[in-house]
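K.L.:
Questions regarding the structure given below will be posed in turn.
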Protein chains: 4
Amino acid sequence: MSTFLSLRRWVYLNLHDDNYRSVISTCINYFLIVLIVANVGAVILESVQPLYKTYKFWFNHFENISIVVFTIEYLLRIWSVAEQDQSRSPWAMRWQWMKSGGAIIDLLAILPAFLNFFVHIDLRVLRILRLLRLLKLTRYFVSLQILLRVIQRERGSFQAVIFILVIMIVMTASGIYIVENKAQPEAFSSIPKSMWWAVVTLTTVGYGDVTPVTTVGKFLGALITILGVGIAALPAGILASGLANELNQRNQRLELEFRQLLHQQGLNILTDQDELEKLRQRVGLPQEQMNDVIIQLIREREALHDTHSVCPHCGKGISLNKDQ
Amino acid sequence: MSTFLSLRRWVYLNLHDDNYRSVISTCINYFLIVLIVANVGAVILESVQPLYKTYKFWFNHFENISIVVFTIEYLLRIWSVAEQDQSRSPWAMRWQWMKSGGAIIDLLAILPAFLNFFVHIDLRVLRILRLLRLLKLTRYFVSLQILLRVIQRERGSFQAVIFILVIMIVMTASGIYIVENKAQPEAFSSIPKSMWWAVVTLTTVGYGDVTPVTTVGKFLGALITILGVGIAALPAGILASGLANELNQRNQRLELEFRQLLHQQGLNILTDQDELEKLRQRVGLPQEQMNDVIIQLIREREALHDTHSVCPHCGKGISLNKDQ
Amino acid sequence: MSTFLSLRRWVYLNLHDDNYRSVISTCINYFLIVLIVANVGAVILESVQPLYKTYKFWFNHFENISIVVFTIEYLLRIWSVAEQDQSRSPWAMRWQWMKSGGAIIDLLAILPAFLNFFVHIDLRVLRILRLLRLLKLTRYFVSLQILLRVIQRERGSFQAVIFILVIMIVMTASGIYIVENKAQPEAFSSIPKSMWWAVVTLTTVGYGDVTPVTTVGKFLGALITILGVGIAALPAGILASGLANELNQRNQRLELEFRQLLHQQGLNILTDQDELEKLRQRVGLPQEQMNDVIIQLIREREALHDTHSVCPHCGKGISLNKDQ
Amino acid sequence: MSTFLSLRRWVYLNLHDDNYRSVISTCINYFLIVLIVANVGAVILESVQPLYKTYKFWFNHFENISIVVFTIEYLLRIWSVAEQDQSRSPWAMRWQWMKSGGAIIDLLAILPAFLNFFVHIDLRVLRILRLLRLLKLTRYFVSLQILLRVIQRERGSFQAVIFILVIMIVMTASGIYIVENKAQPEAFSSIPKSMWWAVVTLTTVGYGDVTPVTTVGKFLGALITILGVGIAALPAGILASGLANELNQRNQRLELEFRQLLHQQGLNILTDQDELEKLRQRVGLPQEQMNDVIIQLIREREALHDTHSVCPHCGKGISLNKDQ
């Protein structure tokens, strides 16, 4: 039984724990990443008819093997996640994990293939559902997680922007419908049909398959484009400033925790490398950024010792304290 | 009379007061939102000729019912708004509300239908005017209000950008008119006609219905595009940074008020949930952001008690104060 | 002679001094703005052949009158600018003004018409040169001046971006030339010709008059577009953040000056309206922003009196000072 | 031998040292910049068949001379770089330089021409490789170096964005493939083929050579464009905010160093111009920004002397210190 538990612990560390690094855990991670990418590649290549006809056998076998691997991965994760918090019951821990986003993505990656045994799903739809395996990659890329978190946090702004965009599309489509309907009764036959032009114009895609031809239509189109061009590009701006904000906050949070712990534990920045490394893993920041913080800390200390009348935070002369 | 006033108060709370929450007020709000969206949907679908011919009866009845509902809503709002500030006369209060943006939008939503009784408005224009009902949704979405406020506050920047864009369009159109006029006498027959190409290019829509064909024209087009592409996308950048700024200021303002009140009233963050909730509604911030502020407050207090020589604002060691 | 000088002073105040406001100065400014806009409108309309042929007489007369007005304006400005700094000689002052940007724009607005007497300039080029009068509007719009200043200050970044864009265009054009040359020998006959496609693609205009048709060409095109799409939109981002920065700095600078002067002069924010107005004009900020600063000042003072242990700048509790 | 070393030092200063300025070093730099630009121009013009046939002799000679010059430059750089740090051995110094980015670019600029003697490279590919000489310009433009550093530092964000963009392209292409495959079996024959449309749409290029024609396809296309348009424009936002951040940090770093050194050395800002200039070169900032910092310093000092109760950092009244 002790062997069983230590095996479970070994699986947990190598499959689940992001901070645990060994040759085996690295191999498992890279193998899974390669398998996911290969799966997506297979879905894409299968859609090329000549390729699929020639290599049908291999495509099907690769799909079957992939399902087996992903199923084993999912079951091992359920089993081993009990190790995460030993103070709670294994099944409570497992149920909590199964409700998490990552676990649902893992399930979505294998579920359609199993459903196919019971209900016959259209092969094409099944193929698209296999693309959901791409989302499994989220686990392995921190920057992707940050981007998704920013998207989630700024959803209020996005909602507002998409709402305004929809209003603009409806108004624009209605306006152009009234103006161009007579000149182009086919392309602008109704407001829903005119929306295609409105979307293509306001997002600045501009295919050119439908364009206003009357002078009034061109004038309206030009006016709408000038006013609306900013709204469509707005989500990018929101995302970019949200991302910058998020990364900034991450760094500040780390620095705060780091400095507090240094003070509490009385660590020496230059000698206690092991303690610093532990702290780094606890906070979950890349090595690079950590070094920046340490260098800054050293500089500040030097500044404090050398020139007492310069503020260590902003480097500005503090004469006020000298007066006291 | 007391019953009358309490009815007016009841209507005011359920229809007007954003902070008052009851089952009835929520139902009314959702009913109005659904009705507005359905109205816009009806306008869009009516433009599809086959649909309109088949369901003309239902479309007309839905429109009539909508006007009745929106008219009742408008009248009830005028009547009940007197409750907002009881120290002032009801009609002064009502007149003040009728001049507000929200009331004007409410009026615009019903006015065209009533005007139609007196003056015959073209059915198509009437249809577009019914789309103004979309603006009624502004009342129900805070993020939309914020976005509109940012647009209004940054109107100086927008004015400058649109002004520069107009200058660029005029100059670009004049330049391409001189260069391409001989090669394409139809598409570039005059400066106003060339402006269509200029707008389509500078906003990066690029339909492709009109493109320069001469080498000089292509060179000029390329140069203008490279230099001008930034200007057209500028409004998005201004809006995004304005939005980030606005949200940032909102949070800071809340935190300032929150901290001041906590200090004044001597509230306990962890126990006095009711008082915190009251404050939250007064300031008008979502629950989520509130929790962030509280968590930060708790952390800061801990930091103060544990490590006195760490600044509670930025977490940086304060040796200066220790010297005194 | 005293009358002469007081006349010059009167002209200076009404024509030059932005802070001087009278009915006459406002009329002069609006008249000039309308004349400039009408001039640009005339240039645009003249290019429409039927219009020009019909109203040739009126167009020519309007142009002649405009030149006379702008010439008188220019001469009056030269003459009256001597009043700006009475400690210096009039001609030194005038020469200094003539070298300024605004004066050069004023000269460019009238020079081509006068040059036309000596050298015969092509009518079309002359027309475009008349569009330079648009730049005269810069004087009347503060937000435009700010935008131009940001463009000038960020010219380093723009230079870098345009430089990278040129490198990308050259590389992209060379790559697509090699790949597509055989399939489309006409559209991609040389690197310079391929640049048209590169510019149209990298700026996301995408006319569609030239597109890659081979699989390799499409793959290269897709890759370049994904990687390059950010670079072309970069100037907008730089401008937007530069603009936000500039406006932010303007406000901070004002606040700094304002607070220092309030402290030095011991002004009362609520009663000494005249002094505040003087300061506002000296700094050159709109009334609106001024009020924001004053309201903030009042709030801070209240915060100081009420709750001494809350920092007036950030509203965060300051326990450190209490300890002393 | 002393002559030899002083020659090496002379070469080092004029060729390598960015801070050393003499007539000769300036001439060498400008000569090299002009030669690089002329080389790129030659590559572009050679692709125009008629031009190349007529001036083949001159093109070939210019290429040969360029290779000789760039080779001599590279050898002189290797030889003279030993002067950079005289405490280390010349060859260690040289090897370190040869591994640097600038040295690799210099090598790439000449290597293909020499490889051509041994292996026959296709003339067209060789031509493109000659375009790598453009990268040599990086050495001479600071703003370009900053931009490249920002790109490198934000590579995490770019990776995430390109990753999400790839996911969106794959999903979009799969969706449109299923929907449009029957209506347009040629343009949407497989997922890889549909990707061309997905890339062209999501990057808002929108050539219009392939567009959805079915109603479902247009609806899907519109939905994808509205949601996806932000992602494609995201890199620009990240770059812009990263650039603003980088420039901001550069200035703050300079100010910190500058103020510390001023305090340590007790320099007088107004009289010790030589010392300030030395410091400026050490930090590597343009003269312009330096002057801003100095003016700010002078203002702060005045503020300190005049109004002691105004904080020198933010100009806000400090009543807290007065209380003590």
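For the structure tokens, the naming scheme is as follows: chains receive sequential letters (A, B, ...) according to their order of presentation, residues are indexed from 1 within each chain, and ligands are indexed from 1 in presentation order.
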Considering only C-alpha atoms, extract the chain A residues located within 8 Å of chain D and return them as a PyMOL selection string.

P.N.:
chain A and resi 44-45+47-49+124+128+131+134+141+143-144+147+162+196+199-200+203-209+232-237+239-241+243-244+303+307+310+314-317

K.L.:
Provide the CA of Ser100 (chain C) to CA of Tyr20 (chain C) distance in Å, to one decimal place.

P.N.:
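Here the two named atoms are 20.6 Å from each other.
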
K.L.:
CA of Ser80 (chain D) and CA of Phe114 (chain D) are how many Å apart?

P.N.:
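Computing it gives 22.7 Å between the two atoms.
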
K.L.:
Would you work out the distance separating CA of Ile176 (chain A) from CA of Gly217 (chain A), expressed in Å to one decimal?

P.N.:
6.3 Å

K.L.:
Determine which residues of region 172-209 of chain C receive a DSSP assignment of alpha helix (DSSP H), computed from the backbone, and state them as a VMD selection string.

P.N.:
chain C and resid 172 to 180 191 to 202

K.L.:
Excluding Trp95 (chain C) and any residue of its chain fewer than 2 positions from it, enumerate the residues within 12 Å of it, using only C-alpha atoms, and give them as a list in words.

P.N.:
Arg77, Ile78, Trp79, Val81, Ala82, Arg88, Ser89, Pro90, Trp91, Ala92, Met93, Trp97, Met98, Lys99, Ser100, Ala103 and Ile104 of chain C

K.L.:
Mind dumping the selected residues with N, CA, C and O atoms as a short mmCIF file (atom, residue, chain, number, x, y, z; two decimals), in the first residue's frame?

P.N.:
data_model
loop_
_atom_site.label_atom_id
_atom_site.label_comp_id
_atom_site.auth_asym_id
_atom_site.auth_seq_id
_atom_site.Cartn_x
_atom_site.Cartn_y
_atom_site.Cartn_z
N ARG C 77 -0.39 91.23 -39.14
CA ARG C 77 0.30 90.42 -38.12
C ARG C 77 1.76 90.87 -37.98
O ARG C 77 2.27 91.02 -36.88
N ILE C 78 2.44 91.03 -39.14
CA ILE C 78 3.83 91.48 -39.10
C ILE C 78 3.93 92.83 -38.37
O ILE C 78 4.79 93.03 -37.51
N TRP C 79 3.03 93.72 -38.72
CA TRP C 79 3.08 95.08 -38.17
C TRP C 79 2.81 95.07 -36.65
O TRP C 79 3.56 95.66 -35.87
N VAL C 81 2.78 92.58 -34.43
CA VAL C 81 3.47 91.65 -33.51
C VAL C 81 4.51 92.38 -32.67
O VAL C 81 4.96 91.87 -31.64
N ALA C 82 4.90 93.57 -33.12
CA ALA C 82 5.88 94.37 -32.36
C ALA C 82 5.41 94.63 -30.94
O ALA C 82 6.22 94.87 -30.04
N ARG C 88 11.82 94.83 -26.60
CA ARG C 88 12.69 94.57 -27.74
C ARG C 88 12.30 95.47 -28.92
O ARG C 88 11.19 96.00 -28.97
N SER C 89 13.20 95.61 -29.87
CA SER C 89 12.92 96.47 -31.02
C SER C 89 11.84 95.83 -31.88
O SER C 89 11.78 94.60 -32.02
N PRO C 90 10.95 96.65 -32.51
CA PRO C 90 9.84 96.11 -33.31
C PRO C 90 10.30 95.15 -34.39
O PRO C 90 9.70 94.09 -34.58
N TRP C 91 11.39 95.49 -35.09
CA TRP C 91 11.78 94.65 -36.22
C TRP C 91 12.41 93.34 -35.79
O TRP C 91 12.26 92.32 -36.47
N ALA C 92 13.10 93.34 -34.63
CA ALA C 92 13.63 92.09 -34.08
C ALA C 92 12.47 91.16 -33.76
O ALA C 92 12.48 89.96 -34.07
N MET C 93 11.43 91.74 -33.15
CA MET C 93 10.23 90.99 -32.79
C MET C 93 9.55 90.42 -34.06
O MET C 93 9.13 89.27 -34.09
N TRP C 97 9.01 86.54 -35.30
CA TRP C 97 7.70 85.97 -35.61
C TRP C 97 7.68 85.36 -37.01
O TRP C 97 7.14 84.27 -37.21
N MET C 98 8.32 86.05 -37.98
CA MET C 98 8.31 85.56 -39.35
C MET C 98 9.00 84.21 -39.50
O MET C 98 8.74 83.48 -40.45
N LYS C 99 9.91 83.91 -38.55
CA LYS C 99 10.58 82.61 -38.61
C LYS C 99 9.78 81.50 -37.93
O LYS C 99 10.14 80.33 -38.02
N SER C 100 8.69 81.88 -37.23
CA SER C 100 7.91 80.87 -36.50
C SER C 100 7.06 80.05 -37.47
O SER C 100 6.79 80.47 -38.60
N ALA C 103 3.79 81.69 -38.89
CA ALA C 103 4.02 82.73 -39.89
C ALA C 103 4.39 82.12 -41.24
O ALA C 103 3.99 82.61 -42.29
N ILE C 104 5.17 81.04 -41.21
CA ILE C 104 5.57 80.39 -42.46
C ILE C 104 4.34 79.80 -43.15
O ILE C 104 4.19 79.89 -44.37
#

K.L.:
Hey, which of B:Tyr140, B:Lys53, B:Trp58, B:Pro112 ends up closest to Leu15 (chain B)? Count only C-alpha atoms.

P.N.:
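Going through B:Tyr140, B:Lys53, B:Trp58, B:Pro112 one by one, the smallest distance to Leu15 (chain B) is for B:Tyr140.
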